[in-house]
$ cat coords05.cif   # mmCIF, C-alpha atoms and all ligand atoms
data_data
#
loop_
_atom_site.label_atom_id
_atom_site.label_comp_id
_atom_site.auth_asym_id
_atom_site.auth_seq_id
_atom_site.Cartn_x
_atom_site.Cartn_y
_atom_site.Cartn_z
CA MET P 22 -9.98 -11.65 14.49
CA ARG P 23 -11.94 -8.84 12.87
CA PHE P 24 -11.38 -7.72 9.28
CA ASN P 25 -8.61 -5.11 9.61
CA THR P 26 -6.72 -7.15 12.20
CA LYS P 27 -6.99 -10.23 10.01
CA LEU P 28 -5.52 -8.27 7.10
CA LEU P 29 -2.36 -7.49 9.04
CA HIS P 30 -2.10 -10.49 11.38
CA GLY P 31 -4.05 -13.30 9.67
CA LYS P 32 -2.66 -16.66 8.57
CA THR P 33 -1.52 -15.21 5.29
CA SER P 34 0.47 -12.34 6.77
CA LYS P 35 3.33 -14.60 7.85
CA GLY P 36 5.33 -17.70 6.99
CA TYR P 37 7.61 -16.34 4.26
CA ALA P 38 10.85 -18.20 3.52
CA SER P 39 13.28 -15.84 5.29
CA ARG P 40 10.95 -14.23 7.85
CA GLU P 41 10.24 -11.25 5.60
CA MET P 42 7.38 -9.08 6.85
CA LEU P 43 5.89 -8.98 3.36
CA PRO P 44 5.94 -11.62 0.63
CA PRO P 45 9.18 -11.04 -1.34
CA ILE P 46 8.77 -10.40 -5.06
CA SER P 47 9.89 -13.61 -6.79
CA GLN P 48 10.46 -11.91 -10.11
CA VAL P 49 11.58 -15.05 -11.93
CA SER P 50 10.22 -17.18 -14.74
CA ALA P 51 11.46 -20.49 -13.35
CA PHE P 52 12.83 -22.18 -10.22
CA ARG P 53 16.00 -24.29 -10.13
CA TYR P 54 16.44 -27.68 -8.46
CA GLU P 55 19.52 -29.58 -7.27
CA SER P 56 18.50 -32.85 -8.85
CA MET P 57 16.14 -34.10 -11.51
CA GLU P 58 14.48 -36.33 -8.88
CA GLU P 59 13.41 -33.25 -6.89
CA LEU P 60 11.89 -31.54 -9.91
CA GLU P 61 10.15 -34.76 -10.91
CA LYS P 62 8.44 -34.85 -7.48
CA VAL P 63 7.21 -31.28 -7.96
CA PHE P 64 5.72 -32.16 -11.34
CA GLU P 65 4.07 -35.27 -9.85
CA HIS P 66 2.61 -33.08 -7.06
CA LYS P 67 4.45 -35.32 -4.57
CA SER P 68 6.33 -32.42 -3.03
CA ASN P 69 5.46 -28.77 -2.68
CA GLY P 70 7.49 -26.46 -4.80
CA TYR P 71 7.37 -24.09 -7.70
CA ALA P 72 8.65 -24.88 -11.18
CA TYR P 73 7.48 -22.18 -13.58
CA THR P 74 5.74 -18.87 -12.82
CA ARG P 75 2.80 -19.37 -15.20
CA VAL P 76 1.86 -22.40 -13.09
CA GLY P 77 2.81 -21.11 -9.66
CA ASN P 78 4.97 -18.54 -7.88
CA PRO P 79 5.31 -17.71 -4.15
CA THR P 80 4.42 -14.00 -4.49
CA ILE P 81 1.30 -14.89 -6.46
CA SER P 82 0.43 -17.63 -3.93
CA ALA P 83 0.70 -15.12 -1.07
CA PHE P 84 -1.88 -12.84 -2.68
CA GLU P 85 -4.13 -15.80 -3.60
CA GLN P 86 -4.08 -17.04 -0.03
CA ARG P 87 -4.82 -13.60 1.37
CA ILE P 88 -7.94 -13.04 -0.76
CA ASN P 89 -9.01 -16.63 -0.18
CA GLU P 90 -8.78 -16.00 3.58
CA LEU P 91 -10.74 -12.72 3.34
CA ASP P 92 -13.48 -14.25 1.17
CA GLY P 93 -13.69 -17.48 3.20
CA GLY P 94 -12.87 -19.70 0.21
CA ALA P 95 -11.38 -23.16 -0.21
CA GLY P 96 -8.85 -21.97 -2.80
CA ALA P 97 -8.11 -19.03 -5.09
CA ILE P 98 -6.41 -18.48 -8.43
CA CYS P 99 -4.90 -15.19 -9.61
CA CYS P 100 -5.24 -14.13 -13.23
CA SER P 101 -3.64 -11.52 -15.46
CA SER P 102 -6.81 -9.39 -15.46
CA GLY P 103 -10.37 -9.39 -14.24
CA MET P 104 -11.49 -10.42 -17.74
CA SER P 105 -9.03 -13.31 -17.68
CA ALA P 106 -10.59 -14.42 -14.39
CA VAL P 107 -14.14 -14.25 -15.79
CA THR P 108 -13.09 -16.10 -18.96
CA SER P 109 -11.22 -18.85 -17.11
CA ALA P 110 -13.99 -19.38 -14.56
CA LEU P 111 -16.69 -19.72 -17.24
CA LEU P 112 -14.63 -21.95 -19.54
CA ALA P 113 -13.88 -24.28 -16.63
CA VAL P 114 -17.61 -25.15 -16.32
CA CYS P 115 -18.96 -24.67 -19.83
CA GLU P 116 -18.28 -26.41 -23.10
CA SER P 117 -19.81 -26.14 -26.55
CA GLY P 118 -23.58 -26.69 -26.36
CA ASP P 119 -23.86 -25.36 -22.80
CA GLU P 120 -25.81 -22.36 -21.61
CA ILE P 121 -25.08 -19.55 -19.13
CA ILE P 122 -27.81 -17.53 -17.43
CA ALA P 123 -26.54 -14.00 -16.75
CA SER P 124 -28.10 -10.97 -15.16
CA SER P 125 -28.37 -8.02 -17.51
CA GLY P 126 -26.42 -4.86 -16.75
CA LEU P 127 -23.10 -6.67 -16.42
CA TYR P 128 -19.69 -5.01 -16.83
CA GLY P 129 -19.25 -4.09 -20.52
CA GLY P 130 -16.22 -6.36 -20.99
CA THR P 131 -18.15 -9.33 -19.62
CA ILE P 132 -21.05 -8.67 -22.01
CA GLY P 133 -18.50 -8.62 -24.85
CA LEU P 134 -16.97 -11.91 -23.66
CA LEU P 135 -20.38 -13.60 -23.48
CA HIS P 136 -21.00 -12.53 -27.09
CA ASP P 137 -17.58 -13.97 -28.05
CA LEU P 138 -18.45 -17.29 -26.38
CA GLU P 139 -21.44 -17.66 -28.74
CA LYS P 140 -18.92 -18.41 -31.49
CA LEU P 141 -17.58 -21.29 -29.38
CA GLY P 142 -21.11 -22.69 -29.02
CA ILE P 143 -21.70 -21.40 -25.49
CA HIS P 144 -24.97 -19.51 -25.36
CA THR P 145 -25.98 -16.89 -22.79
CA VAL P 146 -29.52 -16.12 -21.71
CA PHE P 147 -29.59 -12.55 -20.34
CA ALA P 148 -32.35 -11.70 -17.89
CA ASP P 149 -33.25 -8.55 -15.96
CA ASP P 150 -34.53 -10.64 -13.10
CA ILE P 151 -32.70 -13.76 -11.91
CA SER P 152 -34.16 -13.75 -8.40
CA GLU P 153 -35.44 -16.92 -6.75
CA GLY P 154 -38.96 -16.60 -8.19
CA SER P 155 -37.89 -15.92 -11.77
CA LEU P 156 -34.88 -18.16 -12.21
CA LYS P 157 -36.83 -21.41 -12.69
CA SER P 158 -38.46 -20.27 -15.90
CA LEU P 159 -35.03 -19.41 -17.37
CA LEU P 160 -33.34 -22.75 -16.64
CA SER P 161 -32.94 -25.38 -19.31
CA GLU P 162 -31.30 -28.80 -19.57
CA ARG P 163 -28.26 -27.03 -21.00
CA THR P 164 -27.82 -24.44 -18.20
CA LYS P 165 -24.46 -24.95 -16.47
CA VAL P 166 -23.90 -21.77 -14.47
CA ILE P 167 -25.65 -18.63 -13.22
CA TYR P 168 -23.46 -15.54 -13.56
CA ALA P 169 -24.19 -12.21 -11.85
CA GLU P 170 -22.58 -9.19 -10.24
CA LEU P 171 -23.20 -8.46 -6.58
CA ILE P 172 -23.46 -4.69 -7.13
CA SER P 173 -23.71 -3.81 -10.81
CA ASN P 174 -22.16 -0.59 -11.96
CA PRO P 175 -23.32 2.05 -12.70
CA SER P 176 -26.91 0.76 -12.44
CA LEU P 177 -26.35 -0.27 -8.77
CA LYS P 178 -28.66 -3.26 -8.85
CA VAL P 179 -27.90 -5.64 -5.99
CA LEU P 180 -28.14 -9.42 -6.35
CA ASP P 181 -30.21 -11.35 -3.82
CA VAL P 182 -27.42 -13.90 -3.35
CA ALA P 183 -29.21 -16.25 -0.95
CA GLY P 184 -32.44 -16.41 -3.01
CA THR P 185 -30.72 -16.86 -6.37
CA ALA P 186 -28.30 -19.45 -4.91
CA LYS P 187 -31.22 -21.42 -3.46
CA ALA P 188 -33.09 -21.60 -6.77
CA ALA P 189 -29.87 -22.42 -8.65
CA HIS P 190 -28.86 -25.17 -6.21
CA GLU P 191 -32.30 -26.79 -6.40
CA ALA P 192 -31.60 -27.22 -10.11
CA GLY P 193 -28.02 -28.46 -9.52
CA ILE P 194 -26.47 -25.28 -10.94
CA PRO P 195 -23.73 -23.19 -9.30
CA LEU P 196 -23.89 -19.42 -8.80
CA PHE P 197 -20.81 -17.40 -9.80
CA VAL P 198 -20.70 -13.84 -8.46
CA ASP P 199 -18.48 -10.99 -9.65
CA SER P 200 -17.96 -9.03 -6.44
CA THR P 201 -15.46 -6.47 -7.77
CA THR P 202 -17.46 -3.42 -6.70
CA ALA P 203 -18.23 -4.81 -3.23
CA THR P 204 -14.85 -6.32 -2.14
CA PRO P 205 -14.65 -8.77 0.80
CA TYR P 206 -14.81 -5.80 3.18
CA ILE P 207 -18.40 -4.99 2.21
CA ALA P 208 -19.68 -8.50 1.44
CA ARG P 209 -18.62 -12.12 1.34
CA PRO P 210 -20.91 -13.77 -1.21
CA LEU P 211 -19.60 -17.29 -0.43
CA SER P 212 -21.06 -17.00 3.08
CA MET P 213 -24.43 -16.03 1.56
CA GLY P 214 -24.64 -19.06 -0.72
CA ALA P 215 -22.60 -18.22 -3.83
CA ASP P 216 -20.27 -20.96 -5.08
CA VAL P 217 -17.51 -18.99 -6.80
CA VAL P 218 -16.50 -15.35 -6.38
CA ILE P 219 -14.58 -13.32 -8.96
CA HIS P 220 -12.85 -9.97 -8.47
CA SER P 221 -11.08 -7.66 -10.85
CA THR P 222 -8.18 -6.83 -8.51
CA SER P 223 -7.41 -3.84 -10.77
CA LYS P 224 -10.04 -1.90 -8.82
CA TYR P 225 -10.52 -1.73 -5.04
CA LEU P 226 -8.28 -4.65 -4.04
CA ASN P 227 -5.20 -3.04 -5.56
CA GLY P 228 -6.67 0.33 -4.64
CA GLY P 229 -3.91 2.50 -6.04
CA GLY P 230 -4.65 2.09 -9.73
CA ASN P 231 -1.25 0.54 -10.48
CA SER P 232 -1.86 -3.06 -11.71
CA ILE P 233 -4.32 -4.97 -13.84
CA GLY P 234 -5.31 -8.31 -12.31
CA GLY P 235 -8.09 -10.69 -11.38
CA ILE P 236 -8.83 -13.50 -8.96
CA ILE P 237 -11.24 -16.45 -8.73
CA VAL P 238 -12.17 -17.76 -5.27
CA ASP P 239 -13.84 -21.19 -5.04
CA GLY P 240 -16.08 -21.83 -2.04
CA GLY P 241 -15.39 -25.56 -2.47
CA ARG P 242 -18.88 -26.61 -1.35
CA PHE P 243 -20.82 -27.10 -4.58
CA LYS P 244 -21.76 -30.73 -5.29
CA TRP P 245 -20.53 -31.11 -8.86
CA ASP P 246 -22.27 -33.83 -10.84
CA PRO P 247 -19.96 -34.59 -13.77
CA GLU P 248 -22.92 -36.26 -15.56
CA LYS P 249 -24.43 -32.80 -15.75
CA HIS P 250 -21.26 -30.68 -15.82
CA THR P 251 -19.56 -32.72 -18.51
CA ALA P 252 -16.70 -30.18 -18.69
CA LEU P 253 -15.64 -31.60 -15.29
CA LYS P 254 -15.98 -35.27 -16.25
CA GLU P 255 -12.29 -36.09 -15.86
CA PHE P 256 -12.17 -34.33 -12.48
CA LYS P 257 -14.91 -36.34 -10.79
CA LYS P 258 -12.56 -37.82 -8.17
CA TYR P 259 -11.90 -34.36 -6.71
CA GLY P 260 -15.54 -34.06 -5.51
CA PRO P 261 -16.34 -30.50 -4.39
CA MET P 262 -12.88 -29.33 -5.56
CA ALA P 263 -13.43 -30.55 -9.15
CA PHE P 264 -13.92 -27.00 -10.43
CA SER P 265 -10.75 -25.68 -8.77
CA VAL P 266 -8.61 -28.57 -10.00
CA ARG P 267 -9.96 -28.34 -13.56
CA LEU P 268 -9.38 -24.60 -13.49
CA ARG P 269 -5.84 -24.74 -12.10
CA THR P 270 -4.44 -27.72 -13.97
CA ASP P 271 -6.32 -27.25 -17.20
CA ILE P 272 -8.00 -24.04 -18.36
CA TRP P 273 -6.06 -21.45 -16.35
CA GLU P 274 -2.67 -23.10 -16.69
CA ASN P 275 -3.03 -23.79 -20.41
CA PHE P 276 -4.68 -20.53 -21.42
CA GLY P 277 -1.71 -18.82 -19.80
CA GLY P 278 -3.36 -15.92 -18.00
CA CYS P 279 -1.23 -15.80 -14.84
CA MET P 280 -0.72 -12.67 -12.75
CA ALA P 281 2.71 -11.03 -12.88
CA PRO P 282 4.62 -11.51 -9.57
CA ALA P 283 5.34 -7.77 -9.27
CA ASN P 284 1.61 -7.07 -9.67
CA ALA P 285 0.80 -9.70 -7.03
CA PHE P 286 3.09 -7.80 -4.63
CA LEU P 287 1.47 -4.43 -5.43
CA ASN P 288 -1.94 -6.02 -4.94
CA PHE P 289 -0.81 -7.55 -1.64
CA ILE P 290 0.37 -4.25 -0.16
CA GLY P 291 -2.72 -2.57 -1.65
CA THR P 292 -5.03 -4.87 0.30
CA ASP P 293 -3.23 -4.03 3.59
CA THR P 294 -5.38 -0.89 3.63
CA LEU P 295 -8.53 -2.34 2.03
CA GLY P 296 -10.66 -1.89 5.16
CA LEU P 297 -9.50 1.67 5.81
CA ARG P 298 -9.95 2.71 2.21
CA MET P 299 -13.39 1.16 1.78
CA GLU P 300 -14.66 2.76 4.96
CA ARG P 301 -13.48 6.19 3.83
CA ILE P 302 -14.59 5.71 0.22
CA CYS P 303 -18.09 4.56 1.22
CA ASP P 304 -18.43 7.36 3.76
CA ASN P 305 -17.34 9.94 1.14
CA ALA P 306 -19.71 8.44 -1.47
CA ASP P 307 -22.62 8.53 0.96
CA LYS P 308 -22.00 12.20 1.84
CA LEU P 309 -21.40 13.23 -1.78
CA ALA P 310 -24.56 11.42 -2.96
CA HIS P 311 -26.69 13.14 -0.33
CA ALA P 312 -25.20 16.54 -1.20
CA LEU P 313 -25.79 16.00 -4.93
CA ASP P 314 -29.30 14.71 -4.29
CA ALA P 315 -30.18 18.09 -2.75
CA LEU P 316 -29.26 19.94 -5.98
CA ASP P 317 -31.84 20.79 -8.66
CA GLY P 318 -31.71 19.48 -12.19
CA ILE P 319 -29.86 16.18 -11.69
CA SER P 320 -31.06 12.79 -10.44
CA VAL P 321 -28.70 10.76 -8.31
CA ASN P 322 -28.31 6.99 -8.13
CA TYR P 323 -26.67 5.73 -4.91
CA LEU P 324 -27.59 2.82 -2.68
CA THR P 325 -27.85 4.61 0.67
CA LEU P 326 -30.38 7.15 -0.65
CA PRO P 327 -33.66 6.04 0.98
CA SER P 328 -35.50 6.22 -2.36
CA HIS P 329 -33.12 3.71 -4.04
CA PRO P 330 -34.96 0.54 -5.16
CA TYR P 331 -32.21 -1.68 -3.68
CA HIS P 332 -31.79 0.37 -0.48
CA ARG P 333 -32.76 -2.52 1.82
CA TYR P 334 -29.73 -4.54 0.69
CA VAL P 335 -27.39 -2.01 2.29
CA GLU P 336 -28.26 -3.57 5.66
CA GLU P 337 -29.21 -7.05 4.42
CA GLU P 338 -26.11 -7.83 2.36
CA LEU P 339 -23.63 -4.95 2.29
CA ASN P 340 -22.65 -4.55 5.91
CA GLY P 341 -24.28 -1.10 6.07
CA PHE P 342 -22.27 0.32 3.14
CA GLY P 343 -23.37 1.66 -0.25
CA GLY P 344 -20.06 1.10 -2.07
CA GLY P 345 -17.81 3.59 -3.82
CA ILE P 346 -19.72 4.25 -7.03
CA LEU P 347 -22.51 6.70 -7.66
CA SER P 348 -23.98 8.06 -10.84
CA PHE P 349 -26.25 10.91 -11.79
CA ARG P 350 -28.24 11.99 -14.83
CA ALA P 351 -27.42 15.49 -15.98
CA GLY P 352 -30.35 16.08 -18.37
CA SER P 353 -28.34 15.94 -21.60
CA LYS P 354 -25.08 14.58 -22.96
CA GLU P 355 -23.83 18.15 -23.48
CA ARG P 356 -24.39 19.07 -19.86
CA ALA P 357 -22.85 15.78 -18.67
CA PHE P 358 -19.69 16.65 -20.63
CA LYS P 359 -19.70 20.24 -19.29
CA ILE P 360 -19.99 19.06 -15.69
CA ILE P 361 -17.20 16.51 -16.14
CA ASN P 362 -14.93 19.04 -17.85
CA SER P 363 -15.40 21.65 -15.12
CA LEU P 364 -14.49 19.37 -12.19
CA LYS P 365 -11.23 20.36 -10.50
CA TYR P 366 -10.38 17.25 -8.52
CA ALA P 367 -12.18 14.33 -10.15
CA MET P 368 -10.00 12.88 -12.89
CA ILE P 369 -11.46 11.79 -16.21
CA ALA P 370 -10.47 8.12 -16.46
CA SER P 371 -12.04 4.78 -17.34
CA ASN P 372 -11.39 3.00 -14.08
CA ILE P 373 -12.95 2.57 -10.65
CA GLY P 374 -11.62 1.81 -7.20
CA ASP P 375 -8.72 4.26 -7.17
CA LEU P 376 -7.72 6.40 -4.18
CA ARG P 377 -8.46 9.38 -6.43
CA THR P 378 -12.01 10.29 -7.45
CA LEU P 379 -12.55 9.31 -11.09
CA VAL P 380 -15.34 10.40 -13.39
CA ILE P 381 -16.53 9.32 -16.83
CA HIS P 382 -19.40 9.54 -19.33
CA PRO P 383 -20.10 5.79 -19.76
CA ALA P 384 -22.35 5.99 -22.86
CA SER P 385 -19.58 7.42 -25.05
CA THR P 386 -16.78 5.23 -23.63
CA LEU P 387 -17.45 1.99 -21.73
CA TYR P 388 -20.65 1.25 -23.65
CA VAL P 389 -19.78 2.39 -27.20
CA GLN P 390 -20.07 -1.22 -28.37
CA ALA P 391 -23.30 -2.00 -26.52
CA SER P 392 -26.80 -1.72 -28.01
CA LYS P 393 -29.14 0.94 -26.62
CA GLN P 394 -31.12 -1.83 -24.93
CA GLU P 395 -28.00 -3.33 -23.28
CA MET P 396 -26.93 0.15 -22.22
CA GLU P 397 -30.22 0.97 -20.56
CA ALA P 398 -30.28 -2.43 -18.87
CA ALA P 399 -26.90 -1.41 -17.45
CA GLY P 400 -28.39 1.83 -16.12
CA VAL P 401 -26.50 3.93 -18.67
CA TYR P 402 -28.25 6.77 -20.51
CA GLU P 403 -26.98 9.53 -22.82
CA ASP P 404 -26.83 11.90 -19.82
CA THR P 405 -25.33 9.55 -17.19
CA VAL P 406 -22.19 10.58 -15.32
CA ARG P 407 -20.39 7.90 -13.31
CA VAL P 408 -18.29 8.77 -10.28
CA SER P 409 -15.87 6.41 -8.55
CA VAL P 410 -15.41 8.19 -5.25
CA GLY P 411 -11.93 8.42 -3.74
CA ILE P 412 -10.47 9.22 -0.34
CA GLU P 413 -10.06 13.00 -0.72
CA ASP P 414 -11.50 15.32 1.95
CA VAL P 415 -15.20 15.00 1.31
CA ASN P 416 -15.94 18.71 1.62
CA ASP P 417 -13.58 19.40 -1.28
CA LEU P 418 -15.45 16.82 -3.36
CA ILE P 419 -18.83 18.25 -2.39
CA ASP P 420 -17.69 21.81 -3.25
CA ASP P 421 -16.17 20.67 -6.56
CA PHE P 422 -19.26 18.76 -7.74
CA THR P 423 -21.69 21.40 -6.43
CA GLU P 424 -19.91 24.17 -8.35
CA ALA P 425 -19.76 22.05 -11.50
CA VAL P 426 -23.47 21.18 -11.34
CA ASN P 427 -24.67 24.67 -10.42
CA GLY P 428 -22.33 26.35 -12.88
CA THR P 429 -23.80 24.35 -15.78
CA ALA P 430 -27.51 24.67 -14.91
CA GLU P 431 -29.64 24.83 -18.05
C1 LIG P 501 -13.15 -3.98 -14.29
C2 LIG P 501 -14.12 -5.07 -14.12
C3 LIG P 501 -13.93 -6.32 -14.73
C4 LIG P 501 -12.74 -6.59 -15.63
O1 LIG P 501 -11.53 -6.45 -14.97
P1 LIG P 501 -10.14 -6.05 -15.70
O2 LIG P 501 -9.17 -6.15 -14.57
O3 LIG P 501 -10.30 -4.68 -16.24
O4 LIG P 501 -9.92 -7.06 -16.77
C5 LIG P 501 -14.85 -7.31 -14.50
N1 LIG P 501 -15.94 -7.08 -13.73
C6 LIG P 501 -16.18 -5.90 -13.14
C7 LIG P 501 -17.39 -5.72 -12.30
C8 LIG P 501 -15.27 -4.85 -13.32
O5 LIG P 501 -15.52 -3.67 -12.74
#
$ encode --input "coords05.cif" --output "structure tokens" --more "lines below"
Ligand SMILES: *Cc1c(COP(=O)(O)O)cnc(C)c1O
Amino acid sequence: MRFNTKLLHGKTSKGYASREMLPPISQVSAFRYESMEELEKVFEHKSNGYAYTRVGNPTISAFEQRINELDGGAGAICCSSGMSAVTSALLAVCESGDEIIASSGLYGGTIGLLHDLEKLGIHTVFADDISEGSLKSLLSERTKVIYAELISNPSLKVLDVAGTAKAAHEAGIPLFVDSTTATPYIARPLSMGADVVIHSTSKYLNGGGNSIGGIIVDGGRFKWDPEKHTALKEFKKYGPMAFSVRLRTDIWENFGGCMAPANAFLNFIGTDTLGLRMERICDNADKLAHALDALDGISVNYLTLPSHPYHRYVEEELNGFGGGILSFRAGSKERAFKIINSLKYAMIASNIGDLRTLVIHPASTLYVQASKQEMEAAGVYEDTVRVSVGIEDVNDLIDDFTEAVNGTAE
């Protein structure tokens, strides 16, 4: 089955309790049992069943299984937000005294989280280059995980998943990849060598901008050595599933960051059209980027432009697509604001992955807390405008942006 067919007819599109065509919304906090013996079996994991929604719920399971199927994972866990997913995944492998190696230019919230973890004794080494050749010199005895984004935003740096995974695995370290901006339609990092994939479902997976959520997908192939990953010591008997079991029965369950069942349903029906939307969004972004690139006085950053430093990854890793995000430098902050304010269709909003085209000035919003150095590592300058391209008729977008850019020429 190919991608769009799998979405509608795959394993996870059937098998609901009363033959519903979609997973029903189990909007309940708890599940009732006829006898104490039955509930005891559920708690002992001797029979399948749900007890309490923070720990498990059929609507949430349906969405977990769907993304797990699309990403080719061994198991997935939904979280209340993308940040909750990043936090849970990292705390399941790191404890005080451990070190994370992270690529620079990460999502602003993730940079903030990594700073917060310093206070818990978990240190992060940020590096511009974590490719195969450079990773070795960054590793230490304390390194427990490599963390990177497949396509960073708005810098649009692309991770060499296979190379970084190879160098990480040689040192016995797993590679965790945030693939929010790529989605399983554009790339499946687990098949390229990554060990765990994280998505903020708030973006392209939901697609309609109506629910905050996150998900962690475990490839289930990493050979955990609990002597090295001491956070997993008690989970040794689960072998390659040690991370998933620790996450589900420990960190995720106890930290309490479950997804709301109603949001899981909205995410589920959102992903029905993931393939269609991504195709249209990427096609629109490609056309808009080329049109903007032909204008004077701005410089455009988009992966399918032949001059882009990561252009070769479009074919090598991204299934021929450049993604839905582009950015351009307007020359000054004042002009960036003027362009944004004069757009008719693009909405000013701090989100990506919506059906509607969204635009923002990242330096004065998403990166207000970051240092200048962190901002520039993230490809954000005083004059950067970020565009999350939607599914509108592309000629309307091209006209709108062209008029805004030409009408504000300095
Ligand atoms: C939005 C985003 C997050 C955080 O997700 P939330 O759902 O907003 O908590 C993490 N990583 C990336 C790449 C994102 O774009």
$ closest_residue --input "coords05.cif" --among "P:Glu355, P:Glu55, P:Glu300, P:Glu431" --to "Phe342 of chain P" --atoms "only C-alpha atoms"
P:Glu300
$ atom_distance --input "coords05.cif" --atom1 "atom CA of Met280 of chain P" --atom2 "atom CA of Met299 of chain P"
23.7 Å
$ atom_distance --input "coords05.cif" --atom1 "atom CA of Val107 of chain P" --atom2 "atom CA of Gln48 of chain P"
25.4 Å
$ atom_distance --input "coords05.cif" --atom1 "atom CA of Lys140 of chain P" --atom2 "atom CA of Glu116 of chain P"
11.6 Å
$ residues_near_ligand --input "coords05.cif" --ligand "ligand LIG 501 (chain P)" --cutoff "10 Å" --atoms "only C-alpha atoms and all ligand atoms" --output "PyMOL selection string"
chain P and resi 100-108+127-132+169-175+198-203+219-225+232-236+371-374
$ residues_around --input "coords05.cif" --residues "segment 414-426 of chain P" --least-positions-apart "5" --cutoff "10 Å" --atoms "all atoms listed in the file" --output "PyMOL selection string"
chain P and resi 301-302+304-313+315-319+351+356-357+359-367+378+431
$ closest_residue --input "coords05.cif" --among "P:Ile272, P:Val335, P:Leu91, P:Val406" --to "Phe349 of chain P" --atoms "all atoms listed in the file"
P:Val406
$ closest_residue --input "coords05.cif" --among "P:Glu120, P:Asp181, P:Glu274, P:Glu139" --to "Leu160 of chain P" --atoms "all atoms listed in the file"
P:Glu120
$ closest_residue --input "coords05.cif" --among "P:Pro383, P:Gly411, P:Gly352, P:Gly31" --to "Ala430 of chain P" --atoms "all atoms listed in the file"
P:Gly352
$ residues_around --input "coords05.cif" --residues "Ser125 of chain P" --least-positions-apart "6" --cutoff "7 Å" --atoms "only C-alpha atoms" --output "ChimeraX atom specification"
/P:147-149,398-399
$ closest_residue --input "coords05.cif" --among "P:Thr270, P:Asn25, P:Thr145, P:Ser392" --to "His66 of chain P" --atoms "all atoms listed in the file"
P:Thr270
$ closest_atom_pairs --input "coords05.cif" --of "segment 161-267 of chain P" --to "segment 86-89 of chain P" --cutoff "10 Å" --atoms "only C-alpha atoms" --output "tab-separated table"
residue	atom	partner	partner_atom	distance
P:Thr204	CA	P:Ile88	CA	9.7
P:Pro205	CA	P:Ile88	CA	8.1
P:Val218	CA	P:Asn89	CA	9.8
P:His220	CA	P:Ile88	CA	9.6
P:Thr222	CA	P:Ile88	CA	9.9
P:Leu226	CA	P:Ile88	CA	9.0
P:Ile236	CA	P:Ile88	CA	8.3
P:Ile237	CA	P:Asn89	CA	8.8
P:Val238	CA	P:Asn89	CA	6.1
P:Asp239	CA	P:Asn89	CA	8.2
P:Gly240	CA	P:Asn89	CA	9.0
$ closest_residue --input "coords05.cif" --among "P:Ala97, P:Leu112, P:Cys303, P:Val410" --to "Gly341 of chain P" --atoms "all atoms listed in the file"
P:Cys303
$ residues_around --input "coords05.cif" --residues "Thr80 of chain P" --least-positions-apart "5" --cutoff "6 Å" --atoms "all atoms listed in the file" --output "ChimeraX atom specification"
/P:44,46-47,282
$ residues_around --input "coords05.cif" --residues "Thr26 of chain P" --least-positions-apart "3" --cutoff "12 Å" --atoms "only C-alpha atoms" --output "ChimeraX atom specification"
/P:22-23,29-34,91,293-297
$ residues_around --input "coords05.cif" --residues "Gly291 of chain P" --least-positions-apart "4" --cutoff "6 Å" --atoms "only C-alpha atoms" --output "MDAnalysis selection string"
chainID P and resid 227:228 287
$ decode --input "coords05.cif" --residues "segment 48-54 of chain P" --atoms "N, CA, C and O atoms" --output "short mmCIF file (atom, residue, chain, number, x, y, z; two decimals), in the first residue's frame"
data_model
loop_
_atom_site.label_atom_id
_atom_site.label_comp_id
_atom_site.auth_asym_id
_atom_site.auth_seq_id
_atom_site.Cartn_x
_atom_site.Cartn_y
_atom_site.Cartn_z
N GLN P 48 -14.50 10.28 25.42
CA GLN P 48 -14.26 11.47 26.24
C GLN P 48 -14.60 11.14 27.70
O GLN P 48 -15.59 11.62 28.25
N VAL P 49 -13.78 10.30 28.29
CA VAL P 49 -13.99 9.88 29.69
C VAL P 49 -12.66 9.94 30.43
O VAL P 49 -11.61 9.85 29.82
N SER P 50 -12.75 10.06 31.74
CA SER P 50 -11.54 10.03 32.56
C SER P 50 -11.19 8.60 32.94
O SER P 50 -10.03 8.26 33.08
N ALA P 51 -12.23 7.76 33.12
CA ALA P 51 -11.96 6.40 33.60
C ALA P 51 -12.90 5.41 32.95
O ALA P 51 -13.88 5.79 32.30
N PHE P 52 -12.58 4.12 33.10
CA PHE P 52 -13.33 3.02 32.49
C PHE P 52 -13.84 2.10 33.60
O PHE P 52 -13.09 1.80 34.54
N ARG P 53 -15.11 1.66 33.48
CA ARG P 53 -15.67 0.86 34.58
C ARG P 53 -15.61 -0.63 34.27
O ARG P 53 -15.67 -1.05 33.11
N TYR P 54 -15.49 -1.42 35.31
CA TYR P 54 -15.37 -2.89 35.18
C TYR P 54 -16.45 -3.57 36.00
O TYR P 54 -16.96 -3.01 36.99
#
